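Enquirer: Can you keep this structure in mind? I'll have questions shortly.
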Protein chains: 2
Amino acid sequence: MNLTVRGIGRLLTMTEPALPDAAVVVREGRVAWTGPAAKLPPDAPEQVLDVEGACVVPGFVDAHTHLVFAGVRRDEFVARLAGQPYDGGGIRTTVAATRAASVEDLAALALGRAATALSNGTTTMEIKTGYGLTPDDELRLLDVIAMVGARSPLRIEATYLGAHVVPEGRDRESYVAEVIETLPAAAARGARWCDVFCDRGVFTVDEAHRILSAARDHGLGLRLHAEEIARTGAAALAAELGCASADHLEHVSAEDARAMAAAGVVGVLLPTVTLSLRSQAWGHAAILRDAGVQLALATDCNPGTSWCESMPYAVQLACLAMGLSVDEAFRAATLGAAHSLRLDDVGHLGQGARGDLAVLTAEHEADVVAHLGGRPVLRTIVGGELVN
Amino acid sequence: MNLTVRGIGRLLTMTEPALPDAAVVVREGRVAWTGPAAKLPPDAPEQVLDVEGACVVPGFVDAHTHLVFAGVRRDEFVARLAGQPYDGGGIRTTVAATRAASVEDLAALALGRAATALSNGTTTMEIKTGYGLTPDDELRLLDVIAMVGARSPLRIEATYLGAHVVPEGRDRESYVAEVIETLPAAAARGARWCDVFCDRGVFTVDEAHRILSAARDHGLGLRLHAEEIARTGAAALAAELGCASADHLEHVSAEDARAMAAAGVVGVLLPTVTLSLRSQAWGHAAILRDAGVQLALATDCNPGTSWCESMPYAVQLACLAMGLSVDEAFRAATLGAAHSLRLDDVGHLGQGARGDLAVLTAEHEADVVAHLGGRPVLRTIVGGELVN
């Protein structure tokens, strides 16, 4: 809980300019002081971590994951490399495997992925349901998410995504009604957010409007899968409803982006999905940036379209494939992602923030972007405690 | 030297179809037997490695690296992310730092990178000179390459690349003459190959023709940096001279590719360079494949345009960005790369091949492609010895 981190070759706080030869003091889990190593307060905690010249950044905030699932989708992946397009249908494969797994097995699987995420510097993670698709199965996934939060050092934000896909054999109208009816129970079981996969072949803008409006009435924050497969008007809906985030956005228009910016909707970029789907749709980051949309980054960790627990990998692709600068990408992976979750005490190292830090393997954050296939993170600290 | 590898969930030998529940026997450093675990010979070596269901593939062959260098090119990298185009000029930055470093320091840096490559399953690596650019400095780099071969378990193929760039302050005609004059000494100091960076702004097709023809007369094998920055006719030259490989090829034409195929020139793909340079030139793999060119993969490990020691990362990008199938990419990273170096006893696990194996972290090689930002290789074996 109390920790002095010294020997920092380069410190990014996201609130001040990058600082060379720095130190950080964490007291009772919160950032108490940051500054030049030469000015380290004399009463700094005796518990010391010397990072020997490494670059230190705020712990990464992964703003969009589907961490809780069972089963593999290897056949779908291999088929996609052979040219088969993605239509979201593979979700049903994971639903069947997830329903068949016990809560304890699901928690064990998710905790393994959480450990990988922590080893890659993630300290806060949004996790969605969406592989249950019955009220009971969805609420069970919220229990698993709570277990991950309780058993792992990760800070968790739970999202109810009953509207992930219309389950096989269900009438869509009755399923939308069921999702809406499940909202109070979802909120009671720990969901702080509601999300809808609004896209061609999944849920319509009208359906998303009804679900999210009801979610707001039940006190849930709003997020939206938008414009991934095709442009459907989902981003405009996110602006209309004042969603905290609209995510994916591969097919967003400049007009959509301006509406998002005006409404304060954070744009969550998921570059690993673009790579995994081989869609080569890399231009939307520039459209969003040019419109003044605040950007966030996330892994979209899921078994079908982005098997990834590494925020540094997402940062790397955001730079090299999407064209973000190194500074923009690290901001999106920390401060921007925190803002997309309306959290003000993570994603930066200003005084009073959570003492969550990632110690990079490199002396400069640009090296983590430039060094391909390398190990990006040396140590991870959550609330002043070394967790990896 | 003698080793039984058992518990193999899936074995890729590259000579036979993939085999489930397999074992491998290495005797005196060579593959003595591969087959179903149930038929393991009773006299198999007592020294056993149980890989507990993992997928095992031949050790990767990295067919194109510039592993020996000093200095960093962070400023150039950051500038490129801000939109500055690549013209090959950054090579001179590395030349200055490399000339200033001692042979021991250069060997220590290269051995660190070699260890990273080994941990990613590479067991054979081509290494080029090219950051010396005077006869003495180039020959010194051949000594460093020999030291890497002597002090690391990696199998090394040394390439003389005096014609990497015309050094600052030198007349190009006299420099080409000097490169040609240095060829006998390079061969005597361990070079088995000669390479030329033949591209716009670097060496012309005519200059490359003169250098490579002389190299052939001195008994060196021929490789060529071709069609990376612009189409200059280098690939056609590679076909004309019967080079073992033409590398990069982002701007290759279908006609060039047909000439390469007819001449048996292996096309070495370097997808990490395309990503690092943000060139988005991913179409050449399909052009080469359609023409029937044998494909190889490599990292191009260098400080400016591909800081990467990971062949699994190159495999991943080759699939997800270039569109190779999983099978094509693994073949290119093993058998194809070995063929580009005219080596017949690495890159596969046929009887008599070197006992060089990579034990993947996954039970199927497709998972290494699908799992982004993960650790791809669990253990590496060279000549039947566990080296990582």
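Please note that chains go A, B, ... in the order of the structure tokens, that every chain numbers its residues from 1, and that ligands are numbered from 1 in the order shown.
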Please identify all polymer residues within 6 Å of region 181-198 of chain B, counting only C-alpha atoms, omitting same-chain residues fewer than 2 positions from it, and present them as a VMD selection string.

Expert: chain B and resid 158 to 161 163 to 164 178 to 179 203 to 204 220 to 226

Enquirer: Per residue of chain A within 9 Å of chain B, what are the shortest atom pair and its distance in Å to one decimal, counting only C-alpha atoms, with rows by chain and residue number, as CSV?

Expert:
```
residue,atom,partner,partner_atom,distance
A:Arg74,CA,B:Ala366,CA,7.0
A:Phe77,CA,B:Ala370,CA,7.2
A:Val78,CA,B:Ala366,CA,7.1
A:Leu81,CA,B:Ser325,CA,5.7
A:Ala82,CA,B:Ser325,CA,6.4
A:Gly83,CA,B:Gly323,CA,8.6
A:Thr116,CA,B:Gly374,CA,8.3
A:Asn120,CA,B:Gly373,CA,8.9
A:Thr272,CA,B:Leu372,CA,7.6
A:Leu275,CA,B:Leu320,CA,6.0
A:Ser276,CA,B:Leu320,CA,6.2
A:Leu277,CA,B:Leu320,CA,7.8
A:Arg278,CA,B:Leu320,CA,5.8
A:Gln280,CA,B:Ala321,CA,7.9
A:Pro303,CA,B:His371,CA,9.0
A:Gly304,CA,B:Ala370,CA,8.8
A:Thr305,CA,B:Ala370,CA,8.7
A:Ser306,CA,B:Leu372,CA,7.5
A:Trp307,CA,B:His371,CA,4.9
A:Cys308,CA,B:Leu372,CA,4.9
A:Glu309,CA,B:Gly373,CA,7.1
A:Ser310,CA,B:Gly373,CA,5.6
A:Met311,CA,B:Gly373,CA,8.5
A:Pro312,CA,B:Gly373,CA,8.0
A:Tyr313,CA,B:Gly373,CA,5.5
A:Ala314,CA,B:Gly373,CA,8.5
A:Leu317,CA,B:Leu275,CA,8.7
A:Cys319,CA,B:Leu81,CA,7.0
A:Leu320,CA,B:Arg278,CA,5.8
A:Ala321,CA,B:Arg278,CA,6.5
A:Met322,CA,B:Arg278,CA,9.0
A:Gly323,CA,B:Leu81,CA,6.6
A:Leu324,CA,B:Leu81,CA,7.3
A:Ser325,CA,B:Leu81,CA,5.8
A:Val326,CA,B:Val78,CA,7.3
A:His364,CA,B:Arg74,CA,8.8
A:Ala366,CA,B:Arg74,CA,7.0
A:Asp367,CA,B:Arg74,CA,7.0
A:Ala370,CA,B:Trp307,CA,6.3
A:His371,CA,B:Trp307,CA,4.9
A:Leu372,CA,B:Cys308,CA,4.9
A:Gly373,CA,B:Tyr313,CA,5.6
A:Gly374,CA,B:Cys308,CA,7.2
A:Arg375,CA,B:Arg375,CA,8.5
```

Enquirer: Quick check for you: according to DSSP on this backbone, which residues of region 88-274 of chain A are classed as alpha helix (DSSP H)? Reply as a PyMOL selection string.

Expert: chain A and resi 91-100+103-119+135-151+172-188+205-217+234-241+254-263+271-274

Enquirer: How many Å lie between CA of Ala107 (chain A) and CA of Val148 (chain A), rounded to one decimal?

Expert: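 So the answer is 6.4 Å.
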
Enquirer: Fewer than 5 positions away in the same chain doesn't count, so skip those; otherwise give me all residues within 6 Å of region 46-58 of chain B, counting only C-alpha atoms, as a ChimeraX atom specification.

Expert: /B:3-12,347-348,357-360,362-364

Enquirer: Print the selection's residues with N, CA, C and O atoms to a file, as a PDB file, in the first residue's frame.

Expert:
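Output contents, as saved in part_15.pdb:
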```pdb
ATOM      1  N   LEU B   3      18.023 -37.077 -27.228  1.00  0.00           N
ATOM      2  CA  LEU B   3      16.838 -36.594 -26.514  1.00  0.00           C
ATOM      3  C   LEU B   3      15.590 -37.250 -27.079  1.00  0.00           C
ATOM      4  O   LEU B   3      15.460 -37.399 -28.295  1.00  0.00           O
ATOM      5  N   THR B   4      14.697 -37.638 -26.170  1.00  0.00           N
ATOM      6  CA  THR B   4      13.366 -38.073 -26.571  1.00  0.00           C
ATOM      7  C   THR B   4      12.378 -36.969 -26.192  1.00  0.00           C
ATOM      8  O   THR B   4      12.329 -36.572 -25.034  1.00  0.00           O
ATOM      9  N   VAL B   5      11.657 -36.449 -27.177  1.00  0.00           N
ATOM     10  CA  VAL B   5      10.625 -35.453 -26.908  1.00  0.00           C
ATOM     11  C   VAL B   5       9.289 -36.166 -27.004  1.00  0.00           C
ATOM     12  O   VAL B   5       8.937 -36.695 -28.061  1.00  0.00           O
ATOM     13  N   ARG B   6       8.582 -36.216 -25.862  1.00  0.00           N
ATOM     14  CA  ARG B   6       7.295 -36.909 -25.900  1.00  0.00           C
ATOM     15  C   ARG B   6       6.197 -36.004 -25.369  1.00  0.00           C
ATOM     16  O   ARG B   6       6.450 -34.879 -24.965  1.00  0.00           O
ATOM     17  N   GLY B   7       4.959 -36.500 -25.413  1.00  0.00           N
ATOM     18  CA  GLY B   7       3.832 -35.672 -25.003  1.00  0.00           C
ATOM     19  C   GLY B   7       3.497 -34.606 -26.032  1.00  0.00           C
ATOM     20  O   GLY B   7       2.842 -33.621 -25.716  1.00  0.00           O
ATOM     21  N   ILE B   8       3.936 -34.795 -27.273  1.00  0.00           N
ATOM     22  CA  ILE B   8       3.677 -33.811 -28.334  1.00  0.00           C
ATOM     23  C   ILE B   8       2.216 -33.958 -28.784  1.00  0.00           C
ATOM     24  O   ILE B   8       1.824 -35.000 -29.301  1.00  0.00           O
ATOM     25  N   GLY B   9       1.421 -32.924 -28.566  1.00  0.00           N
ATOM     26  CA  GLY B   9       0.010 -32.978 -28.938  1.00  0.00           C
ATOM     27  C   GLY B   9      -0.180 -32.918 -30.443  1.00  0.00           C
ATOM     28  O   GLY B   9      -1.132 -33.496 -30.990  1.00  0.00           O
ATOM     29  N   ARG B  10       0.735 -32.223 -31.112  1.00  0.00           N
ATOM     30  CA  ARG B  10       0.652 -32.064 -32.557  1.00  0.00           C
ATOM     31  C   ARG B  10       2.062 -31.770 -33.050  1.00  0.00           C
ATOM     32  O   ARG B  10       2.715 -30.844 -32.553  1.00  0.00           O
ATOM     33  N   LEU B  11       2.504 -32.571 -34.017  1.00  0.00           N
ATOM     34  CA  LEU B  11       3.870 -32.438 -34.534  1.00  0.00           C
ATOM     35  C   LEU B  11       3.841 -32.035 -36.004  1.00  0.00           C
ATOM     36  O   LEU B  11       3.204 -32.698 -36.824  1.00  0.00           O
ATOM     37  N   LEU B  12       4.538 -30.939 -36.317  1.00  0.00           N
ATOM     38  CA  LEU B  12       4.718 -30.552 -37.722  1.00  0.00           C
ATOM     39  C   LEU B  12       6.155 -30.847 -38.114  1.00  0.00           C
ATOM     40  O   LEU B  12       7.079 -30.234 -37.591  1.00  0.00           O
ATOM     41  N   GLY B 347      14.950 -26.644 -40.876  1.00  0.00           N
ATOM     42  CA  GLY B 347      13.653 -26.196 -41.394  1.00  0.00           C
ATOM     43  C   GLY B 347      12.662 -27.334 -41.559  1.00  0.00           C
ATOM     44  O   GLY B 347      11.534 -27.127 -41.995  1.00  0.00           O
ATOM     45  N   HIS B 348      13.077 -28.546 -41.218  1.00  0.00           N
ATOM     46  CA  HIS B 348      12.159 -29.697 -41.250  1.00  0.00           C
ATOM     47  C   HIS B 348      12.659 -30.714 -40.245  1.00  0.00           C
ATOM     48  O   HIS B 348      13.768 -30.561 -39.692  1.00  0.00           O
ATOM     49  N   LEU B 357      14.204 -27.906 -32.616  1.00  0.00           N
ATOM     50  CA  LEU B 357      12.742 -27.889 -32.460  1.00  0.00           C
ATOM     51  C   LEU B 357      12.306 -26.675 -31.653  1.00  0.00           C
ATOM     52  O   LEU B 357      13.004 -26.249 -30.727  1.00  0.00           O
ATOM     53  N   ALA B 358      11.133 -26.165 -31.985  1.00  0.00           N
ATOM     54  CA  ALA B 358      10.479 -25.150 -31.160  1.00  0.00           C
ATOM     55  C   ALA B 358       9.221 -25.782 -30.571  1.00  0.00           C
ATOM     56  O   ALA B 358       8.377 -26.312 -31.306  1.00  0.00           O
ATOM     57  N   VAL B 359       9.128 -25.739 -29.231  1.00  0.00           N
ATOM     58  CA  VAL B 359       7.926 -26.213 -28.538  1.00  0.00           C
ATOM     59  C   VAL B 359       7.038 -25.002 -28.323  1.00  0.00           C
ATOM     60  O   VAL B 359       7.403 -24.079 -27.590  1.00  0.00           O
ATOM     61  N   LEU B 360       5.879 -24.989 -28.962  1.00  0.00           N
ATOM     62  CA  LEU B 360       4.992 -23.825 -28.851  1.00  0.00           C
ATOM     63  C   LEU B 360       4.286 -23.823 -27.495  1.00  0.00           C
ATOM     64  O   LEU B 360       4.186 -24.858 -26.829  1.00  0.00           O
ATOM     65  N   ALA B 362       1.216 -23.348 -27.315  1.00  0.00           N
ATOM     66  CA  ALA B 362      -0.149 -23.749 -27.642  1.00  0.00           C
ATOM     67  C   ALA B 362      -0.179 -25.186 -28.138  1.00  0.00           C
ATOM     68  O   ALA B 362       0.853 -25.757 -28.490  1.00  0.00           O
ATOM     69  N   GLU B 363      -1.371 -25.737 -28.202  1.00  0.00           N
ATOM     70  CA  GLU B 363      -1.528 -27.121 -28.643  1.00  0.00           C
ATOM     71  C   GLU B 363      -1.687 -27.197 -30.168  1.00  0.00           C
ATOM     72  O   GLU B 363      -1.702 -28.283 -30.730  1.00  0.00           O
ATOM     73  N   HIS B 364      -1.819 -26.033 -30.816  1.00  0.00           N
ATOM     74  CA  HIS B 364      -1.993 -25.999 -32.271  1.00  0.00           C
ATOM     75  C   HIS B 364      -1.308 -24.737 -32.788  1.00  0.00           C
ATOM     76  O   HIS B 364      -1.432 -23.668 -32.185  1.00  0.00           O
TER      77      HIS B 364
END
```
